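Participant: Could you have a look at this structure, given as structure tokens, before my questions?
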Amino acid sequence: MKELQKRVMFIGASGSGKTTLIKTLRGCGEAVKTQALTFEDGFIDIPGEYMDIRRLNHAVITTAMDADAIFVVQDSTSSKPTTPPGFAEMFNIPVYGIISKVDLPESNIQKAAEYLKMCGVKGQYFPVSSITGEGVKEIKNLIKNI
């Protein structure tokens, strides 16, 4: 009997790096703009518009019922949080914070961590660069152990 595959969901604002990170974790392909919710190889990729447009947040909440864990991706170069305040606190599955684009000169990891905390993500945050590979191994290990 085949073991059921774990599903991890990535949420965040448009352009935060969700799809690029998923492609990096899967070791395949170049990221293109996510047009619709996708389920692929255990990864659930949510279009950023589902977080950007508050009336679409319900789709994220509903989709989370199919996930074993959630990764909130915060762009370290962004001037705003990736989800509404306290949004991540509503889930009864593990929620992890990822700080993306840490290789860029304008990256502000401390500010991104503050935004993740504001969003309700508790615990450790993982700085990641899909370009340099920083933090990718840690995320893969975390997913494997969920």
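Residue names in the structure tokens use chain letters A, B, ... in the order shown, residue numbers from 1 in each chain, and ligand numbers from 1 in the order shown.
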Return as a ChimeraX atom specification the full set of residues in chain A whose backbone-based DSSP assignment is helix (DSSP H, G or I).
Facilitator: /A:18-26,49-52,54-66,87-90,109-118,136-144
Participant: Applying 8 Å and only C-alpha atoms, which residues near region 72-80 of chain A remain after dropping the ones on its own chain fewer than 4 positions away? List them as a compact mmCIF listing (two decimals) with C-alpha atoms, in the first residue's frame.
Facilitator:
```txt
# COMPACT_ATOMS: atom_id res chain seq x y z
CA PHE A 10 2.43 28.12 0.44
CA ILE A 11 0.62 31.43 0.92
CA GLY A 12 1.72 35.03 0.51
CA ALA A 13 1.27 38.17 -1.50
CA GLY A 15 5.45 38.35 -6.10
CA SER A 16 6.59 37.08 -2.71
CA GLY A 17 8.41 34.12 -4.27
CA LYS A 18 6.07 31.23 -3.47
CA VAL A 95 2.29 27.30 10.26
CA TYR A 96 5.87 28.24 9.39
CA GLY A 97 7.33 31.54 8.23
CA ILE A 98 9.62 31.87 5.24
CA ILE A 99 11.52 35.07 4.55
CA SER A 100 12.22 35.10 0.82
CA LYS A 101 14.64 36.98 -1.44
CA VAL A 102 17.30 37.31 1.27
CA LEU A 104 18.85 40.92 -2.64
CA GLU A 106 17.44 45.71 -0.28
CA SER A 107 16.50 42.66 1.83
CA ASN A 108 15.42 43.47 5.39
CA ILE A 109 15.14 40.18 7.28
CA LYS A 111 11.35 43.79 9.06
CA ALA A 112 10.11 40.64 7.28
CA TYR A 115 5.57 41.22 9.39
CA LEU A 116 5.37 37.44 9.87
CA VAL A 121 3.17 33.16 12.49
```
Participant: When you look at region 21-28 of chain A with a cut-off of 10 Å (counting only C-alpha atoms), what residues show up, excluding the ones that are within fewer than 3 positions of it in the same chain? I need them as a list in words.
Facilitator: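 Counting only C-alpha atoms, the residues come to Met9, Phe10, Ser16, Gly17, Lys18, Ala31, Val32, Glu40, Asp41, Gly42, Phe43, Ile44, Asp45, Val73, Ile98, Ser100, Lys101, Val128, Ser129, Ser130, Ile131, Gly133, Val136, Lys137, Ile139, Lys140 and Ile143 of chain A.
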Participant: Counting only C-alpha atoms, what is within 12 Å of Asp52 (chain A), bar same-chain residues fewer than 2 positions away, as a list in words?
Facilitator: Ile11, Gly12, Ala13, Ser14, Gly15, Ser16, Ile46, Pro47, Gly48, Glu49, Tyr50, Arg54, Arg55, Leu56, Asn57, Val60, Lys80, Pro81, Thr82, Thr83 and Pro84 of chain A
Participant: Limited to C-alpha atoms, could you put the picked residues into a file as a short mmCIF file (atom, residue, chain, number, x, y, z; two decimals), in the first residue's frame?
Facilitator:
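Once written, result-v6.cif looks like this:
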```
data_model
loop_
_atom_site.label_atom_id
_atom_site.label_comp_id
_atom_site.auth_asym_id
_atom_site.auth_seq_id
_atom_site.Cartn_x
_atom_site.Cartn_y
_atom_site.Cartn_z
CA ILE A 11 0.62 31.43 0.92
CA GLY A 12 1.72 35.03 0.51
CA ALA A 13 1.27 38.17 -1.50
CA SER A 14 1.77 38.34 -5.25
CA GLY A 15 5.45 38.35 -6.10
CA SER A 16 6.59 37.08 -2.71
CA ILE A 46 -1.99 29.68 -3.88
CA PRO A 47 -2.12 32.65 -6.29
CA GLY A 48 -0.99 35.79 -4.47
CA GLU A 49 -4.27 37.48 -5.37
CA TYR A 50 -5.98 35.17 -2.86
CA ARG A 54 -9.34 40.15 1.08
CA ARG A 55 -12.64 38.80 -0.24
CA LEU A 56 -10.69 35.84 -1.69
CA ASN A 57 -9.13 34.90 1.68
CA VAL A 60 -7.14 29.99 1.35
CA LYS A 80 3.93 45.45 3.68
CA PRO A 81 2.88 42.17 5.34
CA THR A 82 2.01 39.21 3.15
CA THR A 83 -1.25 38.36 4.97
CA PRO A 84 -3.76 40.26 7.11
#
```
Participant: I'd like to know which of A:Ala36, A:Gln5, A:Pro85, A:Ile93 is closest to Lys117 (chain A), using only C-alpha atoms.
Facilitator: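 When distances to Lys117 (chain A) are compared using only C-alpha atoms, the smallest one comes from A:Pro85.
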Participant: Give the answer as one residue: which of A:Phe126, A:Pro105, A:Pro94, A:Gly120 has the shortest atom-to-atom distance to Ala67 (chain A), using only C-alpha atoms?
Facilitator: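 Looking only at the distances to Ala67 (chain A), the closest residue turns out to be A:Pro94.
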Participant: Report as a list in words: the residues of region 30-98 of chain A with a DSSP assignment of strand (DSSP E or B), based on the backbone of this structure.
Facilitator: Thr38, Phe39, Glu40, Phe43, Ile44, Asp45, Ala69, Ile70, Phe71, Val72, Val73, Gln74, Asp75, Val95, Tyr96, Gly97 and Ile98 of chain A
Participant: Keeping only N, CA, C and O atoms, write those residues as a tab-separated table (two decimals), in the first residue's frame.
Facilitator:
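That gives us again_37.tsv:
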```
chain	number	residue	atom	x	y	z
A	38	THR	N	-2.98	25.47	-7.41
A	38	THR	CA	-2.43	24.24	-7.98
A	38	THR	C	-2.01	23.27	-6.90
A	38	THR	O	-1.50	23.67	-5.84
A	39	PHE	N	-2.23	21.98	-7.17
A	39	PHE	CA	-1.78	20.89	-6.32
A	39	PHE	C	-0.81	20.08	-7.15
A	39	PHE	O	-1.20	19.51	-8.17
A	40	GLU	N	0.47	20.03	-6.73
A	40	GLU	CA	1.46	19.31	-7.52
A	40	GLU	C	2.55	18.73	-6.62
A	40	GLU	O	3.19	19.48	-5.87
A	43	PHE	N	2.70	19.84	-3.05
A	43	PHE	CA	2.74	21.28	-2.83
A	43	PHE	C	1.43	21.91	-3.29
A	43	PHE	O	0.94	21.62	-4.37
A	44	ILE	N	0.89	22.78	-2.45
A	44	ILE	CA	-0.30	23.55	-2.80
A	44	ILE	C	0.16	24.99	-2.97
A	44	ILE	O	0.67	25.61	-2.04
A	45	ASP	N	0.01	25.51	-4.18
A	45	ASP	CA	0.45	26.86	-4.51
A	45	ASP	C	-0.79	27.74	-4.68
A	45	ASP	O	-1.66	27.45	-5.50
A	69	ALA	N	0.53	21.30	6.55
A	69	ALA	CA	1.25	22.45	7.10
A	69	ALA	C	1.12	23.61	6.13
A	69	ALA	O	0.84	23.41	4.94
A	70	ILE	N	1.34	24.81	6.66
A	70	ILE	CA	1.27	26.03	5.85
A	70	ILE	C	2.58	26.78	5.99
A	70	ILE	O	3.13	26.89	7.10
A	71	PHE	N	3.08	27.28	4.87
A	71	PHE	CA	4.25	28.14	4.87
A	71	PHE	C	3.79	29.52	4.40
A	71	PHE	O	3.30	29.67	3.28
A	72	VAL	N	3.96	30.51	5.27
A	72	VAL	CA	3.64	31.89	4.91
A	72	VAL	C	4.93	32.51	4.39
A	72	VAL	O	5.93	32.59	5.11
A	73	VAL	N	4.92	32.94	3.13
A	73	VAL	CA	6.12	33.48	2.49
A	73	VAL	C	6.05	35.00	2.52
A	73	VAL	O	5.13	35.60	1.97
A	74	GLN	N	7.04	35.60	3.17
A	74	GLN	CA	7.15	37.05	3.27
A	74	GLN	C	8.36	37.51	2.48
A	74	GLN	O	9.48	37.11	2.78
A	75	ASP	N	8.15	38.35	1.49
A	75	ASP	CA	9.22	38.93	0.70
A	75	ASP	C	10.01	39.90	1.58
A	75	ASP	O	9.44	40.84	2.13
A	95	VAL	N	2.10	26.16	11.16
A	95	VAL	CA	2.29	27.30	10.26
A	95	VAL	C	3.72	27.80	10.45
A	95	VAL	O	4.12	28.12	11.57
A	96	TYR	N	4.46	27.83	9.36
A	96	TYR	CA	5.87	28.24	9.39
A	96	TYR	C	6.05	29.52	8.58
A	96	TYR	O	5.32	29.76	7.61
A	97	GLY	N	7.03	30.32	8.95
A	97	GLY	CA	7.33	31.54	8.23
A	97	GLY	C	8.57	31.39	7.38
A	97	GLY	O	9.58	30.84	7.83
A	98	ILE	N	8.48	31.85	6.15
A	98	ILE	CA	9.62	31.87	5.24
A	98	ILE	C	9.87	33.32	4.84
A	98	ILE	O	8.95	34.03	4.43
```
Participant: Give the answer as one residue: which of A:Asp103, A:Ala59, A:Ala113, A:Met118 has the shortest atom-to-atom distance to Ala88 (chain A), using only C-alpha atoms?
Facilitator: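 Closest residue, counting only C-alpha atoms: A:Met118.
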Participant: Take CA of Glu114 (chain A) and CA of Met51 (chain A) and report the distance between them in Å, one decimal.
Facilitator: 18.0 Å
